[in-house]
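J.: I am sharing my_file_23.cif, which consists of mmCIF, C-alpha atoms:
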```cif
data_run
#
loop_
_atom_site.label_atom_id
_atom_site.label_comp_id
_atom_site.auth_asym_id
_atom_site.auth_seq_id
_atom_site.Cartn_x
_atom_site.Cartn_y
_atom_site.Cartn_z
CA MET A 15 20.29 31.80 -35.44
CA ASP A 16 19.60 33.58 -38.73
CA LEU A 17 18.36 30.91 -41.14
CA ASN A 18 18.05 33.27 -44.11
CA ILE A 19 15.82 30.88 -46.06
CA THR A 20 13.89 32.44 -48.93
CA ALA A 21 10.52 31.46 -50.40
CA SER A 22 12.40 30.30 -53.50
CA ASP A 23 14.47 27.88 -51.37
CA VAL A 24 11.41 26.47 -49.61
CA ILE A 25 9.43 25.98 -52.82
CA LEU A 26 12.36 24.37 -54.66
CA LEU A 27 13.14 21.98 -51.81
CA ALA A 28 9.42 21.17 -51.41
CA HIS A 29 9.34 20.30 -55.14
CA ALA A 30 12.25 17.87 -54.74
CA ALA A 31 10.87 16.43 -51.48
CA PHE A 32 7.42 15.82 -52.96
CA GLY A 33 9.06 14.29 -56.04
CA VAL A 34 11.13 11.86 -53.95
CA SER A 35 8.07 11.04 -51.81
CA GLY A 36 6.09 10.31 -55.00
CA ILE A 37 8.86 8.00 -56.25
CA ILE A 38 8.93 6.14 -52.92
CA ALA A 39 5.13 5.85 -52.94
CA GLY A 40 5.34 4.52 -56.52
CA LEU A 41 7.88 1.93 -55.37
CA TRP A 42 5.50 1.04 -52.54
CA VAL A 43 2.72 0.43 -55.10
CA PHE A 44 5.11 -1.76 -57.13
CA VAL A 45 5.96 -3.94 -54.12
CA GLU A 46 2.31 -4.22 -53.03
CA ALA A 47 1.33 -5.18 -56.61
CA LEU A 48 4.03 -7.87 -56.68
CA ASN A 49 2.32 -9.38 -53.62
CA ALA A 50 -1.25 -8.48 -54.60
CA SER A 51 -3.92 -10.17 -52.50
CA PRO A 52 -7.32 -9.19 -51.09
CA ALA A 53 -5.53 -8.40 -47.82
CA ASN A 54 -3.34 -5.60 -49.23
CA ALA A 55 -5.82 -4.10 -51.75
CA ILE A 56 -6.66 -1.07 -49.61
CA ARG A 57 -3.00 -0.46 -48.76
CA LEU A 58 -2.13 -0.63 -52.47
CA ARG A 59 -4.83 1.90 -53.40
CA THR A 60 -3.74 4.18 -50.57
CA ALA A 61 -0.17 4.10 -51.89
CA ALA A 62 -1.45 4.86 -55.41
CA TYR A 63 -3.37 7.92 -54.17
CA LEU A 64 -0.31 9.02 -52.20
CA THR A 65 1.80 8.76 -55.39
CA ALA A 66 -0.69 10.94 -57.29
CA ILE A 67 -0.95 13.52 -54.48
CA CYS A 68 2.84 13.79 -54.05
CA MET A 69 3.39 14.17 -57.81
CA ALA A 70 0.63 16.79 -58.02
CA ALA A 71 2.31 18.73 -55.20
CA ALA A 72 5.70 18.36 -56.92
CA TRP A 73 4.08 19.63 -60.14
CA ILE A 74 2.59 22.72 -58.46
CA CYS A 75 5.72 23.59 -56.44
CA GLY A 76 8.10 22.89 -59.34
CA GLY A 77 5.93 24.76 -61.80
CA TYR A 78 5.62 27.82 -59.57
CA TRP A 79 9.37 27.86 -58.96
CA TYR A 80 10.21 27.29 -62.63
CA VAL A 81 7.97 30.13 -63.82
CA ASN A 82 8.86 32.65 -61.11
CA PHE A 83 12.42 31.92 -59.95
CA TYR A 84 14.22 29.84 -62.58
CA PRO A 85 14.94 32.62 -65.14
CA ALA A 86 17.71 34.09 -62.90
CA GLU A 87 19.35 30.66 -62.52
CA LYS A 88 18.94 29.94 -66.22
CA ALA A 89 20.90 33.10 -67.03
CA LEU A 90 23.71 31.98 -64.71
CA ILE A 91 23.80 28.47 -66.21
CA LEU A 92 23.91 29.76 -69.80
CA LYS A 93 26.88 32.05 -69.19
CA GLY A 94 28.73 29.39 -67.18
CA PRO A 95 30.78 26.33 -68.18
CA TRP A 96 27.77 23.96 -68.07
CA PRO A 97 25.17 25.46 -70.48
CA PHE A 98 24.00 21.92 -71.24
CA ALA A 99 22.56 21.83 -67.71
CA HIS A 100 19.78 24.00 -69.13
CA ASN A 101 19.87 23.23 -72.86
CA ILE A 102 19.65 19.46 -72.40
CA PHE A 103 18.75 18.63 -68.80
CA MET A 104 16.21 21.34 -67.94
CA GLU A 105 14.61 21.27 -71.38
CA THR A 106 14.16 17.49 -71.08
CA LYS A 107 13.14 17.60 -67.41
CA GLU A 108 10.45 20.25 -67.81
CA HIS A 109 8.72 18.15 -70.48
CA LEU A 110 9.43 14.64 -69.14
CA PHE A 111 7.86 15.73 -65.86
CA PHE A 112 4.46 15.81 -67.56
CA VAL A 113 4.88 12.12 -68.48
CA THR A 114 5.60 11.15 -64.87
CA GLY A 115 2.66 13.28 -63.71
CA ILE A 116 0.21 11.68 -66.15
CA LEU A 117 1.39 8.20 -65.07
CA ALA A 118 0.93 9.17 -61.41
CA PHE A 119 -2.65 10.33 -62.09
CA LEU A 120 -3.33 7.08 -63.98
CA LEU A 121 -2.19 4.91 -61.07
CA PRO A 122 -5.24 5.37 -58.77
CA ILE A 123 -7.52 4.56 -61.74
CA ALA A 124 -5.62 1.35 -62.54
CA THR A 125 -5.51 0.21 -58.91
CA ARG A 126 -9.33 0.15 -58.76
CA GLU A 127 -9.00 -3.23 -60.51
CA THR A 128 -8.87 -6.46 -58.46
CA LEU A 129 -5.18 -7.14 -58.92
CA SER A 130 -5.17 -10.41 -56.98
CA ALA A 131 -7.57 -11.97 -59.53
CA ASN A 132 -6.56 -10.17 -62.72
CA SER A 133 -3.02 -10.77 -63.95
CA ALA A 134 -3.39 -8.27 -66.82
CA ALA A 135 -4.37 -5.50 -64.39
CA ARG A 136 -1.51 -6.50 -62.08
CA LYS A 137 0.93 -6.29 -65.00
CA LEU A 138 -0.49 -2.86 -65.89
CA VAL A 139 -0.07 -1.50 -62.36
CA LEU A 140 3.45 -2.94 -62.10
CA SER A 141 4.37 -1.26 -65.41
CA ILE A 142 2.91 2.12 -64.45
CA ALA A 143 4.56 2.09 -61.01
CA ALA A 144 7.91 1.03 -62.48
CA MET A 145 7.78 3.82 -65.09
CA ILE A 146 6.98 6.38 -62.38
CA VAL A 147 10.01 5.25 -60.39
CA VAL A 148 12.40 5.17 -63.37
CA THR A 149 11.33 8.51 -64.88
CA GLY A 150 11.12 10.05 -61.39
CA VAL A 151 14.70 9.06 -60.56
CA ALA A 152 15.82 10.44 -63.94
CA LEU A 153 14.06 13.74 -63.12
CA GLU A 154 15.73 13.93 -59.70
CA GLY A 155 19.11 13.30 -61.35
CA ALA A 156 18.44 16.00 -63.93
CA GLY A 157 17.56 18.38 -61.08
CA ALA A 158 20.97 17.71 -59.52
CA VAL A 159 22.74 18.45 -62.82
CA ILE A 160 20.79 21.72 -63.24
CA ASP A 161 21.65 22.74 -59.68
CA HIS A 162 25.32 21.95 -60.36
CA GLY A 163 25.17 24.02 -63.53
CA VAL A 164 24.43 27.06 -61.36
CA LYS A 165 27.06 26.08 -58.79
CA VAL A 166 29.95 25.72 -61.26
CA GLU A 167 29.25 29.21 -62.58
CA LEU A 168 29.03 30.75 -59.09
CA LEU A 169 32.25 28.99 -58.00
CA ARG A 170 34.17 30.59 -60.88
CA GLY A 171 33.66 33.94 -59.21
CA PRO A 172 32.79 37.36 -60.63
CA GLY A 173 34.22 38.12 -64.05
CA ALA A 174 35.57 34.63 -64.67
CA GLY A 175 35.57 33.62 -68.31
CA HIS A 176 34.24 36.99 -69.50
CA MET B 17 -10.99 -13.50 -73.56
CA ASP B 18 -11.35 -14.65 -69.93
CA GLU B 19 -13.73 -12.13 -68.29
CA SER B 20 -11.58 -12.00 -65.15
CA GLN B 21 -8.66 -10.74 -67.23
CA LYS B 22 -10.55 -7.78 -68.72
CA LEU B 23 -10.03 -4.23 -67.52
CA PHE B 24 -12.74 -1.80 -66.42
CA PRO B 25 -13.79 0.58 -69.25
CA ALA B 26 -12.33 3.52 -67.28
CA THR B 27 -9.00 1.74 -66.80
CA SER B 28 -8.53 0.79 -70.45
CA GLY B 29 -9.87 4.18 -71.57
CA PHE B 30 -7.49 6.18 -69.42
CA VAL B 31 -4.51 3.92 -70.23
CA LEU B 32 -5.11 4.58 -73.92
CA SER B 33 -5.54 8.28 -73.17
CA ALA B 34 -2.25 8.35 -71.23
CA ALA B 35 -0.41 6.71 -74.15
CA VAL B 36 -1.77 9.31 -76.58
CA THR B 37 -1.10 12.20 -74.17
CA VAL B 38 2.56 11.35 -73.49
CA LEU B 39 3.23 11.12 -77.23
CA PHE B 40 1.37 14.38 -77.85
CA ASN B 41 3.39 15.97 -75.04
CA THR B 42 6.66 15.07 -76.76
CA ALA B 43 5.42 16.20 -80.18
CA LEU B 44 4.31 19.54 -78.68
CA ALA B 45 7.74 20.00 -77.04
CA TRP B 46 9.39 19.43 -80.43
CA ALA B 47 6.95 21.79 -82.16
CA LYS B 48 7.59 24.57 -79.60
CA ASP B 49 11.32 24.16 -80.18
CA ILE B 50 10.95 24.36 -83.96
CA TYR B 51 8.38 27.17 -84.09
CA PRO B 52 9.12 30.05 -81.68
CA GLY B 53 5.77 31.55 -82.69
CA LEU B 54 3.97 28.58 -81.12
CA ASN B 55 5.99 29.09 -77.93
CA ASP B 56 4.97 32.76 -77.88
CA ALA B 57 1.32 31.91 -78.55
CA MET B 58 1.30 29.41 -75.67
CA LYS B 59 2.96 32.01 -73.45
CA SER B 60 0.18 34.47 -74.22
CA VAL B 61 -2.49 31.97 -73.11
CA ALA B 62 -1.40 31.28 -69.51
CA GLY B 63 1.56 33.62 -68.96
CA HIS B 64 4.21 30.93 -69.60
CA HIS B 65 4.50 28.31 -72.34
CA TRP B 66 5.17 25.59 -69.76
CA THR B 67 1.97 26.37 -67.85
CA THR B 68 -0.10 26.21 -71.03
CA HIS B 69 1.67 22.99 -72.06
CA GLY B 70 0.80 21.35 -68.73
CA VAL B 71 -2.84 22.46 -68.85
CA VAL B 72 -3.21 21.20 -72.44
CA ASP B 73 -1.72 17.82 -71.43
CA LEU B 74 -4.08 17.50 -68.45
CA VAL B 75 -7.16 18.52 -70.45
CA LEU B 76 -6.21 16.06 -73.20
CA PHE B 77 -5.60 13.22 -70.70
CA VAL B 78 -8.91 13.75 -68.87
CA GLY B 79 -10.91 14.55 -72.03
CA LEU B 80 -9.66 11.59 -74.07
CA GLY B 81 -9.97 9.35 -71.00
CA LEU B 82 -13.64 10.23 -70.61
CA ILE B 83 -14.30 9.86 -74.35
CA PHE B 84 -12.51 6.49 -74.58
CA THR B 85 -14.32 5.31 -71.44
CA SER B 86 -17.78 6.20 -72.69
CA ALA B 87 -17.02 4.83 -76.18
CA ARG B 88 -15.43 1.73 -74.58
CA THR B 89 -12.53 2.16 -77.04
CA GLY B 90 -9.88 0.63 -74.78
CA GLU B 91 -11.99 -2.47 -74.21
CA LYS B 92 -11.50 -3.43 -77.84
CA ILE B 93 -7.76 -3.79 -77.24
CA ASP B 94 -6.24 -6.78 -75.45
CA PRO B 95 -5.14 -5.65 -71.93
CA ASN B 96 -1.60 -6.99 -72.41
CA ARG B 97 -1.39 -5.03 -75.64
CA LEU B 98 -2.51 -1.91 -73.77
CA VAL B 99 0.37 -2.40 -71.31
CA VAL B 100 2.84 -2.69 -74.19
CA THR B 101 1.29 0.36 -75.92
CA LEU B 102 1.60 2.53 -72.79
CA THR B 103 5.14 1.34 -72.03
CA GLY B 104 6.20 1.87 -75.64
CA ALA B 105 4.67 5.37 -75.67
CA VAL B 106 6.51 6.35 -72.49
CA VAL B 107 9.84 4.99 -73.78
CA ILE B 108 9.41 6.81 -77.12
CA ALA B 109 8.40 10.02 -75.31
CA ALA B 110 11.31 9.91 -72.86
CA VAL B 111 13.99 8.94 -75.36
CA GLY B 112 12.51 11.33 -77.91
CA LEU B 113 12.76 14.27 -75.53
CA GLY B 114 16.29 13.42 -74.34
CA LEU B 115 17.73 12.88 -77.82
CA TRP B 116 15.96 15.94 -79.24
CA PHE B 117 17.37 18.37 -76.69
CA ALA B 118 20.79 16.69 -76.77
CA PHE B 119 21.30 16.66 -80.53
CA VAL B 120 18.79 18.90 -82.35
#
```
Would you write out, as structure tokens, the structure that this file holds?
T.:
Amino acid sequence: MDLNITASDVILLAHAAFGVSGIIAGLWVFVEALNASPANAIRLRTAAYLTAICMAAAWICGGYWYVNFYPAEKALILKGPWPFAHNIFMETKEHLFFVTGILAFLLPIATRETLSANSAARKLVLSIAAMIVVTGVALEGAGAVIDHGVKVELLRGPGAGH
Amino acid sequence: MDESQKLFPATSGFVLSAAVTVLFNTALAWAKDIYPGLNDAMKSVAGHHWTTHGVVDLVLFVGLGLIFTSARTGEKIDPNRLVVTLTGAVVIAAVGLGLWFAFV
């Protein structure tokens, strides 16, 4: 079987996979924080570190792909019927990603607090985890729109609309 | 304030730093869009404007976090207020980026 998978494919899919894993880990932190007790403190901190590690990996993979492979796809999107896939969705995604990343790096710091005894710290961790999940899902959705922006141009076939 | 409801200096310092960094991140995105020269200058630093932007954000987050921690700046703010500040900063940053690239 000839898989014909390029480095670009692997890196892009790794970016999305690490991003989804980071979102799930963030959701895990949220649930653990809702039920914060001395018994789940280590599990909660583990989930927080996992969130940060997954988002860092998504950052590195996504950044490498964006810098080295995206220009060809950008050109396709801009000459196709969905230029907004780049002009709105990619432009927003590439900058909003930094916000999610910063929140993910903040999470292990915030979970050093004793959440079971400190309601303010618990509220803080719940807020950070929730924002990671919400912005992360928005980023995944934007990624799907960008991908579709390429697809709709390729489906038109050579010479279409020119 | 009840001592048990206070945050560690590092926690409050880095929360404050995160709030400042996400707002700075959005302002820098706007500035790059307005001034192509800034985009080019950032490209010349690390090979791509996005790479430079990410490094600047990280340096700012860590740098301000360390400064706020050692100065105990975040400790002077009520923890619940810090939560609201961070959440507000993220909402402003996210909505600000989306609306900017959609309409400007």
J.: Between B:His65, B:Pro25, B:Asp56, B:Ala43, which one has atoms that come closest to Ala87 of chain B, using only C-alpha atoms?
T.: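 Counting only C-alpha atoms, the residue closest to Ala87 of chain B is B:Pro25.
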J.: Find the residues near Met69 of chain A: any atom within 10 Å, counting only C-alpha atoms, skip ones fewer than 2 places away on the same chain, and give them as a CSV table (one decimal) with C-alpha atoms, in the coordinates of the input.
T.:
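File around_14.csv, as written:
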```csv
chain,number,residue,atom,x,y,z
A,29,HIS,CA,9.3,20.3,-55.1
A,32,PHE,CA,7.4,15.8,-53.0
A,33,GLY,CA,9.1,14.3,-56.0
A,34,VAL,CA,11.1,11.9,-54.0
A,35,SER,CA,8.1,11.0,-51.8
A,36,GLY,CA,6.1,10.3,-55.0
A,37,ILE,CA,8.9,8.0,-56.2
A,39,ALA,CA,5.1,5.8,-52.9
A,40,GLY,CA,5.3,4.5,-56.5
A,63,TYR,CA,-3.4,7.9,-54.2
A,64,LEU,CA,-0.3,9.0,-52.2
A,65,THR,CA,1.8,8.8,-55.4
A,66,ALA,CA,-0.7,10.9,-57.3
A,67,ILE,CA,-1.0,13.5,-54.5
A,71,ALA,CA,2.3,18.7,-55.2
A,72,ALA,CA,5.7,18.4,-56.9
A,73,TRP,CA,4.1,19.6,-60.1
A,74,ILE,CA,2.6,22.7,-58.5
A,75,CYS,CA,5.7,23.6,-56.4
A,111,PHE,CA,7.9,15.7,-65.9
A,112,PHE,CA,4.5,15.8,-67.6
A,114,THR,CA,5.6,11.2,-64.9
A,115,GLY,CA,2.7,13.3,-63.7
A,116,ILE,CA,0.2,11.7,-66.2
A,117,LEU,CA,1.4,8.2,-65.1
A,118,ALA,CA,0.9,9.2,-61.4
A,119,PHE,CA,-2.6,10.3,-62.1
A,146,ILE,CA,7.0,6.4,-62.4
A,150,GLY,CA,11.1,10.0,-61.4
```
J.: List the spatial neighbours of segment 77-81 of chain B as a list in words - criterion: any atom at most 10 Å away, all atoms listed in the file, same-chain residues fewer than 2 positions off excluded.
T.: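 Final neighbour list, sorted by chain and number: Ile116, Phe119 and Leu120 of chain A; Pro25, Ala26, Thr27, Ser28, Gly29, Phe30, Val31, Leu32, Ser33, Ala34, Ala35, Val36, Thr37, Val38, Val71, Val72, Asp73, Leu74, Val75, Ile83, Phe84, Thr85, Ser86, Ala87, Thr89 and Gly90 of chain B.
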J.: When you get a sec, could you note down which chain B residues fall within 8 Å of chain A, using only C-alpha atoms, as a PyMOL selection string?
T.: chain B and resi 20-24+26-27+30-31+34+38+41-42+45+64+66-67+70+73-74+77+95-96+99+103+106+109-110+113-114+117-118
J.: If I take atom CA of Gly157 of chain A and atom CA of Pro85 of chain A, how far is one from the other in Å, to one decimal?
T.: 15.0 Å
J.: To test the calculation: enclose all listed atoms of segment 35-44 of chain B in a box whose edges run along x, y and z, add 5 Å on each side, then state centre and edge lengths in Å to one decimal, as lines of an AutoDock Vina configuration file.
T.:
```
center_x = 2.4
center_y = 13.1
center_z = -76.8
size_x = 18.4
size_y = 22.8
size_z = 16.7
```
J.: As an exercise, work out the distance from atom CA of Lys59 of chain B to atom CA of Ala28 of chain A in Å and give it to one decimal place.
T.: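 Between atom CA of Lys59 of chain B and atom CA of Ala28 of chain A the gap works out to 25.4 Å.
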J.: Using all atoms listed in the file, determine which residues lie at most 10 Å from Ala158 of chain A, disregarding the query and same-chain residues fewer than 4 positions distant; provide the list as a ChimeraX atom specification.
T.: /A:30,99,103,152-154,162-163
J.: Could you save the residues just selected, with C-alpha atoms, as a PDB file, in the coordinates of the input?
T.:
```
ATOM      1  CA  ALA A  30      12.250  17.870 -54.740  1.00  0.00           C
ATOM      2  CA  ALA A  99      22.560  21.830 -67.710  1.00  0.00           C
ATOM      3  CA  PHE A 103      18.750  18.630 -68.800  1.00  0.00           C
ATOM      4  CA  ALA A 152      15.820  10.440 -63.940  1.00  0.00           C
ATOM      5  CA  LEU A 153      14.060  13.740 -63.120  1.00  0.00           C
ATOM      6  CA  GLU A 154      15.730  13.930 -59.700  1.00  0.00           C
ATOM      7  CA  HIS A 162      25.320  21.950 -60.360  1.00  0.00           C
ATOM      8  CA  GLY A 163      25.170  24.020 -63.530  1.00  0.00           C
TER       9      GLY A 163
END
```
J.: Once the PyMOL selection byres ((chain A and resi 46) around 12) is applied to the coordinates I shared, what remains selected? I want it as an MDAnalysis selection string.
T.: chainID A and resid 39:45 47:62 125 129:130 136 139:140 143
J.: Atom CA of Leu169 of chain A to atom CA of Ala89 of chain A: how many Å, to one decimal?
T.: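 Between atom CA of Leu169 of chain A and atom CA of Ala89 of chain A the gap works out to 15.1 Å.
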J.: Between A:Met15, A:Leu92, A:Ile25, A:Val164, which one has atoms that come closest to Gly76 of chain A, using only C-alpha atoms?
T.: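 Counting only C-alpha atoms, the residue closest to Gly76 of chain A is A:Ile25.
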J.: Given the file shown, determine the residues that the PyMOL selection byres ((chain A and resi 93-95) around 9) selects; report them as a PDB file with C-alpha atoms, in the frame of the given file.
T.:
```pdb
ATOM      1  CA  LYS A  88      18.940  29.940 -66.220  1.00  0.00           C
ATOM      2  CA  ALA A  89      20.900  33.100 -67.030  1.00  0.00           C
ATOM      3  CA  LEU A  90      23.710  31.980 -64.710  1.00  0.00           C
ATOM      4  CA  ILE A  91      23.800  28.470 -66.210  1.00  0.00           C
ATOM      5  CA  LEU A  92      23.910  29.760 -69.800  1.00  0.00           C
ATOM      6  CA  TRP A  96      27.770  23.960 -68.070  1.00  0.00           C
ATOM      7  CA  PRO A  97      25.170  25.460 -70.480  1.00  0.00           C
ATOM      8  CA  PHE A  98      24.000  21.920 -71.240  1.00  0.00           C
ATOM      9  CA  GLY A 163      25.170  24.020 -63.530  1.00  0.00           C
ATOM     10  CA  VAL A 164      24.430  27.060 -61.360  1.00  0.00           C
ATOM     11  CA  VAL A 166      29.950  25.720 -61.260  1.00  0.00           C
ATOM     12  CA  GLU A 167      29.250  29.210 -62.580  1.00  0.00           C
ATOM     13  CA  LEU A 168      29.030  30.750 -59.090  1.00  0.00           C
ATOM     14  CA  ARG A 170      34.170  30.590 -60.880  1.00  0.00           C
ATOM     15  CA  ALA A 174      35.570  34.630 -64.670  1.00  0.00           C
ATOM     16  CA  GLY A 175      35.570  33.620 -68.310  1.00  0.00           C
ATOM     17  CA  HIS A 176      34.240  36.990 -69.500  1.00  0.00           C
TER      18      HIS A 176
END
```
J.: Rank nothing, just name the residue among A:Phe83, A:Ile160, A:Val151, A:Ile38 nearest to Ala21 of chain A, using all atoms listed in the file.
T.: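 Residue with the minimum atom-to-atom distance to Ala21 of chain A: A:Phe83.
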J.: Once the PyMOL selection byres ((chain B and resi 55) around 12) has been evaluated on this model, what residues remain selected, and can you format them as a list in words?
T.: Leu44, Ala45, Trp46, Ala47, Lys48, Asp49, Ile50, Tyr51, Pro52, Gly53, Leu54, Asp56, Ala57, Met58, Lys59, Ser60, Val61, Ala62, Gly63, His64, His65, Trp66, Thr67, Thr68 and His69 of chain B
J.: Atoms are missing here; could segment 114-140 of chain A be completed with N, CA and C atoms and written as an mmCIF file, in the frame of the given file?
T.:
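Printed below is rebuild28.cif as written:
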```cif
data_model
loop_
_atom_site.group_PDB
_atom_site.id
_atom_site.type_symbol
_atom_site.label_atom_id
_atom_site.label_comp_id
_atom_site.auth_asym_id
_atom_site.auth_seq_id
_atom_site.Cartn_x
_atom_site.Cartn_y
_atom_site.Cartn_z
ATOM 1 N N THR A 114 5.656 11.747 -66.212
ATOM 2 C CA THR A 114 5.600 11.150 -64.870
ATOM 3 C C THR A 114 4.295 11.547 -64.166
ATOM 4 N N GLY A 115 3.902 12.802 -64.327
ATOM 5 C CA GLY A 115 2.660 13.280 -63.710
ATOM 6 C C GLY A 115 1.438 12.547 -64.228
ATOM 7 N N ILE A 116 1.358 12.388 -65.549
ATOM 8 C CA ILE A 116 0.210 11.680 -66.150
ATOM 9 C C ILE A 116 0.166 10.233 -65.639
ATOM 10 N N LEU A 117 1.336 9.581 -65.575
ATOM 11 C CA LEU A 117 1.390 8.200 -65.070
ATOM 12 C C LEU A 117 0.930 8.140 -63.614
ATOM 13 N N ALA A 118 1.325 9.144 -62.830
ATOM 14 C CA ALA A 118 0.930 9.170 -61.410
ATOM 15 C C ALA A 118 -0.580 9.343 -61.259
ATOM 16 N N PHE A 119 -1.191 10.136 -62.152
ATOM 17 C CA PHE A 119 -2.650 10.330 -62.090
ATOM 18 C C PHE A 119 -3.397 9.087 -62.600
ATOM 19 N N LEU A 120 -2.721 8.308 -63.448
ATOM 20 C CA LEU A 120 -3.330 7.080 -63.980
ATOM 21 C C LEU A 120 -3.342 5.962 -62.932
ATOM 22 N N LEU A 121 -2.367 5.997 -62.040
ATOM 23 C CA LEU A 121 -2.190 4.910 -61.070
ATOM 24 C C LEU A 121 -3.417 4.647 -60.195
ATOM 25 N N PRO A 122 -4.048 5.664 -59.594
ATOM 26 C CA PRO A 122 -5.240 5.370 -58.770
ATOM 27 C C PRO A 122 -6.393 4.772 -59.582
ATOM 28 N N ILE A 123 -6.469 5.131 -60.882
ATOM 29 C CA ILE A 123 -7.520 4.560 -61.740
ATOM 30 C C ILE A 123 -7.247 3.073 -61.956
ATOM 31 N N ALA A 124 -5.977 2.752 -62.256
ATOM 32 C CA ALA A 124 -5.620 1.350 -62.540
ATOM 33 C C ALA A 124 -5.724 0.471 -61.301
ATOM 34 N N THR A 125 -5.487 1.041 -60.123
ATOM 35 C CA THR A 125 -5.510 0.210 -58.910
ATOM 36 C C THR A 125 -6.937 -0.029 -58.394
ATOM 37 N N ARG A 126 -7.938 0.484 -59.118
ATOM 38 C CA ARG A 126 -9.330 0.150 -58.760
ATOM 39 C C ARG A 126 -9.652 -1.292 -59.180
ATOM 40 N N GLU A 127 -8.820 -1.845 -60.069
ATOM 41 C CA GLU A 127 -9.000 -3.230 -60.510
ATOM 42 C C GLU A 127 -8.677 -4.198 -59.348
ATOM 43 N N THR A 128 -9.196 -5.427 -59.459
ATOM 44 C CA THR A 128 -8.870 -6.460 -58.460
ATOM 45 C C THR A 128 -7.593 -7.157 -58.892
ATOM 46 N N LEU A 129 -6.470 -6.660 -58.424
ATOM 47 C CA LEU A 129 -5.180 -7.140 -58.920
ATOM 48 C C LEU A 129 -4.901 -8.596 -58.550
ATOM 49 N N SER A 130 -5.448 -9.038 -57.412
ATOM 50 C CA SER A 130 -5.170 -10.410 -56.980
ATOM 51 C C SER A 130 -5.835 -11.454 -57.889
ATOM 52 N N ALA A 131 -6.849 -11.017 -58.666
ATOM 53 C CA ALA A 131 -7.570 -11.970 -59.530
ATOM 54 C C ALA A 131 -7.370 -11.675 -61.010
ATOM 55 N N ASN A 132 -6.684 -10.597 -61.323
ATOM 56 C CA ASN A 132 -6.560 -10.170 -62.720
ATOM 57 C C ASN A 132 -5.087 -9.902 -63.044
ATOM 58 N N SER A 133 -4.463 -10.875 -63.690
ATOM 59 C CA SER A 133 -3.020 -10.770 -63.950
ATOM 60 C C SER A 133 -2.705 -9.634 -64.926
ATOM 61 N N ALA A 134 -3.630 -9.360 -65.851
ATOM 62 C CA ALA A 134 -3.390 -8.270 -66.820
ATOM 63 C C ALA A 134 -3.386 -6.921 -66.084
ATOM 64 N N ALA A 135 -4.326 -6.751 -65.156
ATOM 65 C CA ALA A 135 -4.370 -5.500 -64.390
ATOM 66 C C ALA A 135 -3.145 -5.375 -63.502
ATOM 67 N N ARG A 136 -2.707 -6.510 -62.948
ATOM 68 C CA ARG A 136 -1.510 -6.500 -62.080
ATOM 69 C C ARG A 136 -0.288 -6.079 -62.895
ATOM 70 N N LYS A 137 -0.194 -6.645 -64.109
ATOM 71 C CA LYS A 137 0.930 -6.290 -65.000
ATOM 72 C C LYS A 137 0.882 -4.797 -65.334
ATOM 73 N N LEU A 138 -0.326 -4.288 -65.568
ATOM 74 C CA LEU A 138 -0.490 -2.860 -65.890
ATOM 75 C C LEU A 138 -0.011 -1.987 -64.738
ATOM 76 N N VAL A 139 -0.452 -2.310 -63.523
ATOM 77 C CA VAL A 139 -0.070 -1.500 -62.360
ATOM 78 C C VAL A 139 1.441 -1.593 -62.112
ATOM 79 N N LEU A 140 2.000 -2.785 -62.264
ATOM 80 C CA LEU A 140 3.450 -2.940 -62.100
ATOM 81 C C LEU A 140 4.196 -2.064 -63.112
#
```
